[in-house]
Amino acid sequence: MRWTLKPKPEKEKVQKLANELQVDLTIASILCQRNIETFDAAKKFFRPNLEDIHNPFLMKDMDAAVDRIERAISNNENILVYGDYDVDGTTAVSLVSSYLKTIYPNIATYIPDRYAEGYGVSYAGIDFAQDNDFSLIIALDCGIKAIEKVVYANEKNIDFIICDHHKPGDKIPDAVAVLNPKQKDCSYPFDELCGCGVGFKLIQALGSKRNQTIEDFVPYLDLVATAIAADIVPMNGENRVLAYFGLQVINQQPRNGIKAIIHQVKKTELTITDVVFIIAPRINAAGRMKHGNYAVELLTEMDFDSAIEFAAAIEIFNADRKDLDKKITNEALIQIIDNEEEQRFTTVVYDENWHKGVIGIVASRLIETYYRPTLVFTKSGDKLAASARSVKGFDVYNALQECSEFIEQFGGHKYAAGLTLLPENYVNFKNKFEEVVEKTIDKKLLTPEISIDAEIELSEITPKFFRIIQQMAPFGPQNMKPVFKSTCVRDNGYGKKVGKEQTHLKLNVFQGDNKTTYNAIGFNLGDKMDYVQNDFDIVYALDENEWNGYKTLQLLLKDLK
């Protein structure tokens, strides 16, 4: 690991903020690093307020979208709510369809089949709309690049409203309305909403025409918070407010589907990390293993007993998904070693029998072993489909753009993308992608980095210090959980390897003459047991350990030297 200490903010700013907030200098410094430099900014940060949620009509085309939906309602048209099969897409469809059903009955949902139709708006989906007399499609978390598909729909007298958050291309589809804060000419104040977040703005706008206020929409925020967590969008600005209140809904009054998942795993208080690792994979498992419809049915189910049955079925999909991704990851690792590709700047692997639903997870797993931009391909109809994942600091979307001559279709973000290509272009693409990455990547990005907020003495970790750090949640990109470094610590002699395969490290550390010890746990750091015989340095986050109803502070070790 590369340990990188973040630059220290200006001393005067830190001192001023520390005085205003009556906190210690370390806390003030961490806040300044996150551009929270005044009392008012800190108040906004620590006390998220529903009033900080923006007016939806600031988004380009929102008036047109609302007018078209109102016209559909007054003309008694059928409306199809269409979205992708991942967490962001299925939560968005659940959110918009469940709200529309409270004001109008002629609403149906459509999730494309991952295998038969692939990602985004499909011709099959438009044909379904025509065959079933739908004259308006609301596309969520997809559609920004569906130029030809929207033309096809227009020819059939089907209108489109697109709600997306992916990077727009040079051309925008000819839809009735395109809601996407990333459009160049959209002046919406926050452009990092997820797809479900854009859907939320749409229902908020529709509600304002019915004298509904933001309070009326709080019950929908469990879905928005789940999508924000799963889609790894920045946890600042409006997203932070939506996630903060959404997390409260998840813990106090979640909808039946989310309640059923929590009931299955028997967890009490969920953090945003729990949403990422407990709720999101289960919602995702439906689209990966079977069909995204299962997730929408779960998330819109009004009867709790039925939701429990859906959740039980999804639990089986999730268990199957875990087995499959383990198996495919092992096969991919063998392929890399057999082909002697460990020395490359990229990982590109392919097997026609790999399950399309888990190749994204496998790409992430491969990065854990070979830290470099990664693509995992499988057969999809007569084409090859891939999931791309990147390393911190490298834009894989731009790299794919450089290889577009060999690609049929692609879309995504800086760190995650999807693409399809013809089988005969695979080798050329693979070589070109390696060439582009080798030429453009800063070589230090090929070693994982731990970004450290501050170096502190262990004695600084008081209950008040920990309490303030906890209040900085929910954590996520742009507001990660603070990471600290402490030097020359020692173990009190009771340190040991733990876990079924002795892969984890459990220590009790102290520093200098201060004999107060701190419990520390290092997941997958068992092989560093030899380092703890003498003084060593640690990098860690602060965590709470719950055991038999008691909560204690512990250090969550990231690395040690």
# chains A, B, ... in the order shown; residues from 1 in each chain; ligands from 1
call {"tool": "residues_around", "arguments": {"residues": "Gln343 in chain A", "least_positions_apart": "5", "cutoff": "12 Å", "atoms": "only C-alpha atoms", "output": "list in words"}}
result
Ile336, Ile337, Tyr370, Tyr371, Arg372, Glu434, Glu438 and Leu446 of chain A
call {"tool": "write_last_selection", "arguments": {"atoms": "N, CA and C atoms", "output": "mmCIF file, in the first residue's frame"}}
result
data_model
loop_
_atom_site.group_PDB
_atom_site.id
_atom_site.type_symbol
_atom_site.label_atom_id
_atom_site.label_comp_id
_atom_site.auth_asym_id
_atom_site.auth_seq_id
_atom_site.Cartn_x
_atom_site.Cartn_y
_atom_site.Cartn_z
ATOM 1 N N ILE A 336 -5.120 -15.727 -15.986
ATOM 2 C CA ILE A 336 -4.083 -14.685 -15.961
ATOM 3 C C ILE A 336 -2.701 -15.322 -15.768
ATOM 4 N N ILE A 337 -2.621 -16.271 -14.844
ATOM 5 C CA ILE A 337 -1.325 -16.917 -14.558
ATOM 6 C C ILE A 337 -0.889 -17.797 -15.738
ATOM 7 N N TYR A 370 -4.753 -8.118 -8.692
ATOM 8 C CA TYR A 370 -3.882 -7.394 -9.641
ATOM 9 C C TYR A 370 -4.451 -5.988 -9.766
ATOM 10 N N TYR A 371 -3.841 -5.060 -9.106
ATOM 11 C CA TYR A 371 -4.420 -3.713 -8.995
ATOM 12 C C TYR A 371 -4.185 -2.922 -10.279
ATOM 13 N N ARG A 372 -5.123 -3.041 -11.235
ATOM 14 C CA ARG A 372 -4.984 -2.333 -12.506
ATOM 15 C C ARG A 372 -6.345 -2.340 -13.225
ATOM 16 N N GLU A 434 -4.643 -2.197 -23.707
ATOM 17 C CA GLU A 434 -3.355 -2.284 -22.995
ATOM 18 C C GLU A 434 -2.448 -1.110 -23.396
ATOM 19 N N GLU A 438 -1.220 1.751 -20.820
ATOM 20 C CA GLU A 438 0.227 1.872 -20.590
ATOM 21 C C GLU A 438 0.712 3.297 -20.870
ATOM 22 N N LEU A 446 -0.806 2.156 -9.957
ATOM 23 C CA LEU A 446 -0.892 0.691 -9.985
ATOM 24 C C LEU A 446 -0.573 0.060 -8.627
#
call {"tool": "select_by_dssp", "arguments": {"residues": "range 287-367 of chain A", "states": "helix (DSSP H, G or I)", "output": "VMD selection string"}}
result
chain A and resid 287 to 290 293 to 300 304 to 338 356 to 367
call {"tool": "residues_around", "arguments": {"residues": "range 255-264 of chain A", "least_positions_apart": "2", "cutoff": "9 Å", "atoms": "only C-alpha atoms", "output": "count of residues only"}}
result
34
call {"tool": "residues_around", "arguments": {"residues": "Gly195 in chain A", "least_positions_apart": "3", "cutoff": "7 Å", "atoms": "only C-alpha atoms", "output": "list in words"}}
result
Asp88, Gly89, Ala92, Leu140, Asp141, Cys163, Asp164, His165, Val198 and Gly199 of chain A
call {"tool": "residues_around", "arguments": {"residues": "range 23-34 of chain A", "least_positions_apart": "2", "cutoff": "8 Å", "atoms": "only C-alpha atoms", "output": "JSON list (two decimals) with C-alpha atoms, in the first residue's frame"}}
result
[["chain", "number", "residue", "atom", "x", "y", "z"],
["A", 8, "LYS", "CA", -2.66, 20.16, 5.74],
["A", 9, "PRO", "CA", -5.09, 23.08, 5.36],
["A", 13, "LYS", "CA", -8.45, 28.57, 8.90],
["A", 14, "VAL", "CA", -8.15, 25.45, 11.06],
["A", 15, "GLN", "CA", -7.64, 27.45, 14.27],
["A", 17, "LEU", "CA", -12.92, 26.79, 12.78],
["A", 18, "ALA", "CA", -11.73, 24.93, 15.90],
["A", 19, "ASN", "CA", -12.58, 28.00, 18.01],
["A", 21, "LEU", "CA", -17.05, 24.90, 16.73],
["A", 36, "ILE", "CA", -16.12, 22.88, 5.39],
["A", 37, "GLU", "CA", -14.42, 26.04, 6.56],
["A", 42, "ALA", "CA", -20.30, 22.95, 9.43],
["A", 453, "ASP", "CA", -6.55, 12.47, 6.81],
["A", 454, "ALA", "CA", -4.30, 13.11, 9.80],
["A", 456, "ILE", "CA", -2.50, 11.62, 15.57],
["A", 465, "PHE", "CA", -13.50, 12.79, 19.40],
["A", 468, "ILE", "CA", -17.84, 13.83, 16.36],
["A", 469, "ILE", "CA", -16.26, 11.48, 13.78],
["A", 478, "GLN", "CA", -15.96, 12.87, -1.26],
["A", 479, "ASN", "CA", -16.80, 12.23, 2.40],
["A", 482, "PRO", "CA", -11.54, 9.67, 8.25]]
call {"tool": "residues_around", "arguments": {"residues": "Asp543 in chain A", "least_positions_apart": "4", "cutoff": "9 Å", "atoms": "only C-alpha atoms", "output": "PyMOL selection string"}}
result
chain A and resi 466+470+552-556
call {"tool": "select_by_dssp", "arguments": {"residues": "range 149-375 of chain A", "states": "strand (DSSP E or B)", "output": "list in words"}}
result
Asp159, Phe160, Ile161, Ile162, Cys163, Ala177, Val178, Leu179, Thr347, Val348, Val349, Tyr350, Thr374 and Leu375 of chain A
call {"tool": "write_last_selection", "arguments": {"atoms": "N, CA and C atoms", "output": "PDB file, in the first residue's frame"}}
result
ATOM      1  N   ASP A 159     -43.949   8.401 -26.730  1.00  0.00           N
ATOM      2  CA  ASP A 159     -43.080   9.464 -26.216  1.00  0.00           C
ATOM      3  C   ASP A 159     -42.159   8.947 -25.115  1.00  0.00           C
ATOM      4  N   PHE A 160     -40.997   9.591 -25.004  1.00  0.00           N
ATOM      5  CA  PHE A 160     -40.016   9.226 -23.978  1.00  0.00           C
ATOM      6  C   PHE A 160     -39.744  10.404 -23.041  1.00  0.00           C
ATOM      7  N   ILE A 161     -39.682  10.119 -21.742  1.00  0.00           N
ATOM      8  CA  ILE A 161     -39.070  11.036 -20.771  1.00  0.00           C
ATOM      9  C   ILE A 161     -37.865  10.291 -20.226  1.00  0.00           C
ATOM     10  N   ILE A 162     -36.690  10.873 -20.379  1.00  0.00           N
ATOM     11  CA  ILE A 162     -35.461  10.196 -19.943  1.00  0.00           C
ATOM     12  C   ILE A 162     -34.969  10.829 -18.644  1.00  0.00           C
ATOM     13  N   CYS A 163     -34.769   9.991 -17.631  1.00  0.00           N
ATOM     14  CA  CYS A 163     -34.194  10.435 -16.343  1.00  0.00           C
ATOM     15  C   CYS A 163     -32.894   9.656 -16.159  1.00  0.00           C
ATOM     16  N   ALA A 177     -38.644  15.039 -22.890  1.00  0.00           N
ATOM     17  CA  ALA A 177     -37.853  15.700 -21.851  1.00  0.00           C
ATOM     18  C   ALA A 177     -36.671  14.820 -21.515  1.00  0.00           C
ATOM     19  N   VAL A 178     -35.520  15.442 -21.300  1.00  0.00           N
ATOM     20  CA  VAL A 178     -34.332  14.706 -20.854  1.00  0.00           C
ATOM     21  C   VAL A 178     -33.878  15.333 -19.540  1.00  0.00           C
ATOM     22  N   LEU A 179     -34.065  14.590 -18.450  1.00  0.00           N
ATOM     23  CA  LEU A 179     -33.635  15.052 -17.130  1.00  0.00           C
ATOM     24  C   LEU A 179     -32.285  14.407 -16.833  1.00  0.00           C
ATOM     25  N   THR A 347      -5.888  -5.899 -17.022  1.00  0.00           N
ATOM     26  CA  THR A 347      -6.354  -7.285 -16.966  1.00  0.00           C
ATOM     27  C   THR A 347      -7.560  -7.369 -17.894  1.00  0.00           C
ATOM     28  N   VAL A 348      -7.463  -8.209 -18.939  1.00  0.00           N
ATOM     29  CA  VAL A 348      -8.614  -8.445 -19.816  1.00  0.00           C
ATOM     30  C   VAL A 348      -8.743  -9.960 -19.964  1.00  0.00           C
ATOM     31  N   VAL A 349      -9.855 -10.508 -19.474  1.00  0.00           N
ATOM     32  CA  VAL A 349     -10.051 -11.967 -19.525  1.00  0.00           C
ATOM     33  C   VAL A 349     -11.403 -12.281 -20.157  1.00  0.00           C
ATOM     34  N   TYR A 350     -11.508 -13.505 -20.719  1.00  0.00           N
ATOM     35  CA  TYR A 350     -12.735 -13.870 -21.424  1.00  0.00           C
ATOM     36  C   TYR A 350     -12.985 -15.372 -21.331  1.00  0.00           C
ATOM     37  N   THR A 374      -9.426  -3.228 -15.300  1.00  0.00           N
ATOM     38  CA  THR A 374      -9.799  -4.623 -15.541  1.00  0.00           C
ATOM     39  C   THR A 374     -11.102  -4.747 -16.337  1.00  0.00           C
ATOM     40  N   LEU A 375     -11.089  -5.684 -17.300  1.00  0.00           N
ATOM     41  CA  LEU A 375     -12.300  -6.008 -18.058  1.00  0.00           C
ATOM     42  C   LEU A 375     -12.525  -7.512 -18.037  1.00  0.00           C
TER      43      LEU A 375
END
call {"tool": "residues_around", "arguments": {"residues": "Ser187 in chain A", "least_positions_apart": "5", "cutoff": "10 Å", "atoms": "only C-alpha atoms", "output": "PyMOL selection string"}}
result
chain A and resi 58-60+181-182
call {"tool": "closest_residue", "arguments": {"among": "A:Tyr104, A:Leu557, A:Asp133, A:Ile538", "to": "Lys506 in chain A", "atoms": "only C-alpha atoms"}}
result
A:Leu557
call {"tool": "closest_atom_pairs", "arguments": {"of": "range 377-477 of chain A", "to": "range 110-122 of chain A", "cutoff": "10 Å", "atoms": "only C-alpha atoms", "output": "Markdown table"}}
result
| residue | atom | partner | partner_atom | distance |
| --- | --- | --- | --- | --- |
| A:Lys379 | CA | A:Tyr115 | CA | 9.9 |
| A:Ser380 | CA | A:Tyr115 | CA | 6.9 |
| A:Gly381 | CA | A:Ala116 | CA | 7.8 |
| A:Ala385 | CA | A:Gly118 | CA | 9.0 |
| A:Phe410 | CA | A:Tyr119 | CA | 9.6 |
| A:Gly411 | CA | A:Tyr119 | CA | 9.3 |
| A:Gly418 | CA | A:Tyr119 | CA | 8.4 |
| A:Leu419 | CA | A:Tyr119 | CA | 9.2 |
| A:Thr420 | CA | A:Gly118 | CA | 9.6 |
call {"tool": "write_last_selection", "arguments": {"atoms": "N, CA and C atoms", "output": "mmCIF file, in the first residue's frame"}}
result
data_model
loop_
_atom_site.group_PDB
_atom_site.id
_atom_site.type_symbol
_atom_site.label_atom_id
_atom_site.label_comp_id
_atom_site.auth_asym_id
_atom_site.auth_seq_id
_atom_site.Cartn_x
_atom_site.Cartn_y
_atom_site.Cartn_z
ATOM 1 N N LYS A 379 -19.728 -14.292 -23.356
ATOM 2 C CA LYS A 379 -20.516 -14.329 -24.602
ATOM 3 C C LYS A 379 -21.918 -13.813 -24.289
ATOM 4 N N SER A 380 -22.445 -12.987 -25.176
ATOM 5 C CA SER A 380 -23.816 -12.489 -25.008
ATOM 6 C C SER A 380 -24.465 -12.471 -26.385
ATOM 7 N N GLY A 381 -25.255 -13.505 -26.662
ATOM 8 C CA GLY A 381 -25.817 -13.652 -28.011
ATOM 9 C C GLY A 381 -24.687 -13.876 -28.998
ATOM 10 N N ALA A 385 -19.772 -9.381 -24.273
ATOM 11 C CA ALA A 385 -20.119 -8.283 -23.364
ATOM 12 C C ALA A 385 -19.102 -8.265 -22.233
ATOM 13 N N PHE A 410 -20.853 1.234 -25.658
ATOM 14 C CA PHE A 410 -20.354 1.276 -24.280
ATOM 15 C C PHE A 410 -20.955 2.465 -23.540
ATOM 16 N N GLY A 411 -20.903 2.386 -22.202
ATOM 17 C CA GLY A 411 -21.418 3.490 -21.384
ATOM 18 C C GLY A 411 -20.952 3.281 -19.956
ATOM 19 N N GLY A 418 -19.633 -0.558 -18.966
ATOM 20 C CA GLY A 418 -20.014 -1.803 -19.627
ATOM 21 C C GLY A 418 -19.861 -1.616 -21.125
ATOM 22 N N LEU A 419 -19.572 -2.710 -21.854
ATOM 23 C CA LEU A 419 -19.432 -2.575 -23.303
ATOM 24 C C LEU A 419 -19.745 -3.886 -24.007
ATOM 25 N N THR A 420 -20.024 -3.757 -25.314
ATOM 26 C CA THR A 420 -20.161 -4.957 -26.151
ATOM 27 C C THR A 420 -19.285 -4.770 -27.381
#
call {"tool": "closest_residue", "arguments": {"among": "A:Asp535, A:Lys464, A:Asp86, A:Arg240", "to": "Asn284 in chain A", "atoms": "only C-alpha atoms"}}
result
A:Asp86
call {"tool": "closest_residue", "arguments": {"among": "A:Tyr294, A:Phe406, A:Phe39, A:Phe45", "to": "Glu238 in chain A", "atoms": "only C-alpha atoms"}}
result
A:Phe45
call {"tool": "closest_residue", "arguments": {"among": "A:Asn180, A:Asn545, A:Asn431, A:Thr4", "to": "Glu449 in chain A", "atoms": "only C-alpha atoms"}}
result
A:Thr4
call {"tool": "closest_residue", "arguments": {"among": "A:Ala399, A:Met472, A:Met480, A:Leu80", "to": "Ala416 in chain A", "atoms": "only C-alpha atoms"}}
result
A:Ala399
